[in-house]
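Read through the structure below, which is laid out as structure tokens, and then see the notes.
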Amino acid sequence: GLTETVATLDRAGIGHCGAGATILEASRPHRHELPDGQSIAVFSWALQDCGVRWAFWGATSDRPGINLAAAADSENAKYMAQAIRDQSRPEDLVIVTLHRGGNWVEAVPAAHRGLARYLIDKAGADVIHGHSAHHLLPFETYRGKPILYGCGDLINDYAPHPLDPRVRSDLTALFLVDIDRATHRLSRLHVQPLVRTAYRLKVPEREDRGWVRARILGEREPSS
């Protein structure tokens with residue numbers, strides 16, 4: 001279960017955030033110190049619209065669970081922004097990773113765009129890392145900060161399931177994000193397209209690489 005998973009990660013020296021024995025642990029960012037005195041702080045939430053159907057999955061003061069937010073609305077956005085401000089430091093590069101939204105969606109919901117931009121405006125987030133849909137969604141730069149609305153699944157166990165041609169969930173990508181340390185703005189984004197075949201990853205053919213590029217740039221709707 002959750003407690004065993006967290007303990008296993010700790011023993012292996014793998015950083016984590018977004019879940020823990022209490023809400024204090026679940027809401028605490030993972031911080032990675034850099035040699036030059038700067039640091040990377042990663043904050044994590046799951047929203048109930050991603051399939052977390054029961055509030056009791058959320059951690060409390062005396063119960064393990066995940067760092068849960070009810071919705072991508074203004075009330076929760078303010079709460080999340082305050083939590084980031086309270087726990088971040090001036091030297092932090094702030095990454096916010098969000099598990100939110102339904103599966104096989106046709107487009108990025110307006111509420112998710114609003115939440116991502118709000119966390120940049122009000123909490124000083126430098127990178128928004130989104131996931132949940134099981135397929136790629138568009139990328140945008142907002143005020144010089146990258147927002148990855150849907151990074152797809154790098155690997156999963158969906159191979160026996162029929163492939164949905166609307167969203168090409170077999171296509172995924174690795175995202176390598178370079179951030180300027182002085183300005184905390186995006187300097188370069190490298191995307192490596194990949195295709196999953198029988199639980200293995202490989203570089204896709206030219207046409208599929210073009211599909212990934214168009215999808216990430218917002219030039220292709222899933223059904224086209």
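Going through the structure tokens in order, the chains are called A, B, and so on, while each chain numbers its residues from 1 and the ligands are numbered from 1 in the order shown.
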
Can you check which parts of stretch 77-103 of chain A lie within 9 Å of stretch 63-72 of chain A? Per residue, the shortest pair of atoms and distance in Å to one decimal, counting only C-alpha atoms, sorted by chain and number, as a tab-separated table.
residue	atom	partner	partner_atom	distance
A:Ala77	CA	A:Ala72	CA	6.5
A:Tyr79	CA	A:Ala69	CA	8.9
A:Met80	CA	A:Ala69	CA	8.2
A:Arg100	CA	A:Ala72	CA	8.5

### Task
Excluding stretch 119-122 of chain A and residues on its chain fewer than 5 positions from it, collect all residues at most 9 Å away from it, counting only C-alpha atoms, and give them as a list in words.
Ala77, Lys78, Met80, Ala81, Gln82, Ile84, Arg85, Val96, Gly114, Val127, Ile128, Tyr142, Arg143 and Lys145 of chain A

#### Entry: Among listed residues A:Pro162, A:Pro109, A:Gly102, A:Gly1, nearest A:Pro138 (using only C-alpha atoms)
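Closest to A:Pro138 of all the choices is A:Pro109.
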
### Task
Please report, as a list of chain:residue names, each residue of stretch 40-79 of chain A to which DSSP assigns strand (DSSP E or B) when run on this structure's backbone.
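Put together, the selection reads A:Ile40, A:Ala41, A:Val42, A:Phe43, A:Ser44, A:Trp45, A:Ala46, A:Leu47, A:Gly58, A:Thr60, A:Arg63, A:Gly65, A:Ile66, A:Leu68, A:Ala69.
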
Could you turn the residues from that selection into a file that holds C-alpha atoms, as a CSV table (one decimal), in the first residue's frame?
chain,number,residue,atom,x,y,z
A,40,ILE,CA,14.3,22.6,-7.2
A,41,ALA,CA,11.1,22.3,-5.2
A,42,VAL,CA,8.4,20.0,-6.5
A,43,PHE,CA,4.9,20.3,-5.3
A,44,SER,CA,2.2,17.7,-6.1
A,45,TRP,CA,-1.6,17.5,-6.0
A,46,ALA,CA,-4.3,15.2,-7.4
A,47,LEU,CA,-7.7,16.6,-8.2
A,58,GLY,CA,-6.8,12.4,0.8
A,60,THR,CA,-5.4,14.0,7.0
A,63,ARG,CA,-4.5,9.2,8.2
A,65,GLY,CA,-3.2,9.4,1.8
A,66,ILE,CA,-2.6,11.7,-1.1
A,68,LEU,CA,-5.9,16.0,-2.7
A,69,ALA,CA,-7.6,19.1,-4.0

With 12 Å as the cut-off and only C-alpha atoms counted, what is the closest atom pair between each nearby residue of stretch 27-114 of chain A and stretch 181-189 of chain A? Distances in Å to one decimal, ordered by chain and number, as a Markdown table.
| residue | atom | partner | partner_atom | distance |
| --- | --- | --- | --- | --- |
| A:Leu34 | CA | A:Arg181 | CA | 11.0 |
| A:Asp36 | CA | A:Arg181 | CA | 10.2 |
| A:Gly37 | CA | A:Arg181 | CA | 11.1 |
| A:Gln38 | CA | A:Arg181 | CA | 8.4 |
| A:Ser39 | CA | A:Arg181 | CA | 10.1 |
| A:Ile40 | CA | A:Arg181 | CA | 10.7 |
| A:Pro90 | CA | A:His184 | CA | 11.5 |
| A:Glu91 | CA | A:Arg181 | CA | 9.7 |
| A:Asp92 | CA | A:His184 | CA | 9.5 |
| A:Leu93 | CA | A:His184 | CA | 6.9 |
| A:Val94 | CA | A:His184 | CA | 9.0 |
| A:Ile95 | CA | A:His184 | CA | 10.9 |

Using only C-alpha atoms, tabulate the residues of stretch 65-152 of chain A lying at most 10 Å from any atom of stretch 197-215 of chain A, each with its closest atom pair and that distance in Å to one decimal, by chain and increasing residue number, as JSON lines.
{"residue": "A:Leu136", "atom": "CA", "partner": "A:Arg215", "partner_atom": "CA", "distance": 7.1}
{"residue": "A:Leu137", "atom": "CA", "partner": "A:Arg215", "partner_atom": "CA", "distance": 6.5}
{"residue": "A:Pro138", "atom": "CA", "partner": "A:Arg215", "partner_atom": "CA", "distance": 5.9}
{"residue": "A:Phe139", "atom": "CA", "partner": "A:Arg215", "partner_atom": "CA", "distance": 8.6}

Generate the output file for the selected residues, N, CA and C atoms, as a PDB file, in the first residue's frame.
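Just written: result_18.pdb:
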ATOM      1  N   LEU A 136      -1.135  12.293 -24.989  1.00  0.00           N
ATOM      2  CA  LEU A 136      -0.529  13.618 -25.038  1.00  0.00           C
ATOM      3  C   LEU A 136      -1.576  14.711 -25.193  1.00  0.00           C
ATOM      4  N   LEU A 137      -1.303  15.842 -24.556  1.00  0.00           N
ATOM      5  CA  LEU A 137      -2.104  17.051 -24.694  1.00  0.00           C
ATOM      6  C   LEU A 137      -1.163  18.206 -25.013  1.00  0.00           C
ATOM      7  N   PRO A 138      -1.697  19.336 -25.484  1.00  0.00           N
ATOM      8  CA  PRO A 138      -0.829  20.428 -25.928  1.00  0.00           C
ATOM      9  C   PRO A 138       0.027  21.037 -24.821  1.00  0.00           C
ATOM     10  N   PHE A 139       1.047  21.720 -25.292  1.00  0.00           N
ATOM     11  CA  PHE A 139       1.988  22.471 -24.458  1.00  0.00           C
ATOM     12  C   PHE A 139       1.806  23.954 -24.755  1.00  0.00           C
TER      13      PHE A 139
END

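The spacing separating atom CA of A:Leu2 from atom CA of A:His131 amounts to 19.7 Å.
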
### Query
Mind pulling up the distance from atom CA of A:Val52 to atom CA of A:His112?
16.3 Å

### Query
What does the distance from atom CA of A:Ala107 to atom CA of A:Leu171 come to in Å, to one decimal?
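Distance between the two atoms: 16.6 Å.
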
### Which of stretch 62-215 of chain A fall in helix (DSSP H, G or I), as an MDAnalysis selection string
chainID A and resid 74:87 110:123 206:215

Those same residues, written as a short mmCIF file (atom, residue, chain, number, x, y, z; two decimals), in the first residue's frame with C-alpha atoms?
data_model
loop_
_atom_site.label_atom_id
_atom_site.label_comp_id
_atom_site.auth_asym_id
_atom_site.auth_seq_id
_atom_site.Cartn_x
_atom_site.Cartn_y
_atom_site.Cartn_z
CA SER A 74 -10.84 29.52 -7.66
CA GLU A 75 -11.10 28.39 -4.02
CA ASN A 76 -8.73 25.47 -4.48
CA ALA A 77 -6.41 27.52 -6.70
CA LYS A 78 -6.01 30.06 -3.90
CA TYR A 79 -5.35 27.29 -1.37
CA MET A 80 -2.72 25.67 -3.59
CA ALA A 81 -1.01 28.97 -4.35
CA GLN A 82 -0.83 29.80 -0.65
CA ALA A 83 0.65 26.38 0.13
CA ILE A 84 3.35 26.93 -2.49
CA ARG A 85 4.17 30.41 -1.23
CA ASP A 86 4.35 29.20 2.37
CA GLN A 87 6.78 26.36 1.61
CA ALA A 110 -10.64 25.78 -19.52
CA ALA A 111 -10.49 25.27 -15.74
CA HIS A 112 -7.18 23.42 -16.06
CA ARG A 113 -5.69 26.21 -18.18
CA GLY A 114 -6.89 28.74 -15.63
CA LEU A 115 -5.41 26.82 -12.70
CA ALA A 116 -2.01 26.40 -14.37
CA ARG A 117 -1.77 30.09 -15.24
CA TYR A 118 -2.97 31.12 -11.78
CA LEU A 119 -0.22 29.11 -10.10
CA ILE A 120 2.34 30.88 -12.27
CA ASP A 121 0.83 34.30 -11.58
CA LYS A 122 0.12 33.95 -7.87
CA ALA A 123 2.45 31.24 -6.58
CA ARG A 206 8.34 9.84 -39.37
CA GLU A 207 4.57 10.22 -39.75
CA ASP A 208 3.96 9.43 -36.09
CA ARG A 209 6.73 11.81 -35.03
CA GLY A 210 4.90 14.51 -36.96
CA TRP A 211 1.65 13.58 -35.20
CA VAL A 212 3.33 14.01 -31.80
CA ARG A 213 4.80 17.37 -32.81
CA ALA A 214 1.47 18.68 -34.07
CA ARG A 215 -0.36 17.45 -30.99
#

### Task
Choose the residue, out of A:Ala26, A:Glu33, A:Cys17, A:Arg89, that has the smallest atom-to-atom separation from A:Asp62; count only C-alpha atoms.
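Among the listed residues, the smallest separation from A:Asp62 belongs to A:Ala26.
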
### Query
Between A:His16, A:Asp10, A:His134, A:Ser27, which is the closest to A:Cys50 once you count only C-alpha atoms?
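Counting only C-alpha atoms, the residue closest to A:Cys50 is A:His134.
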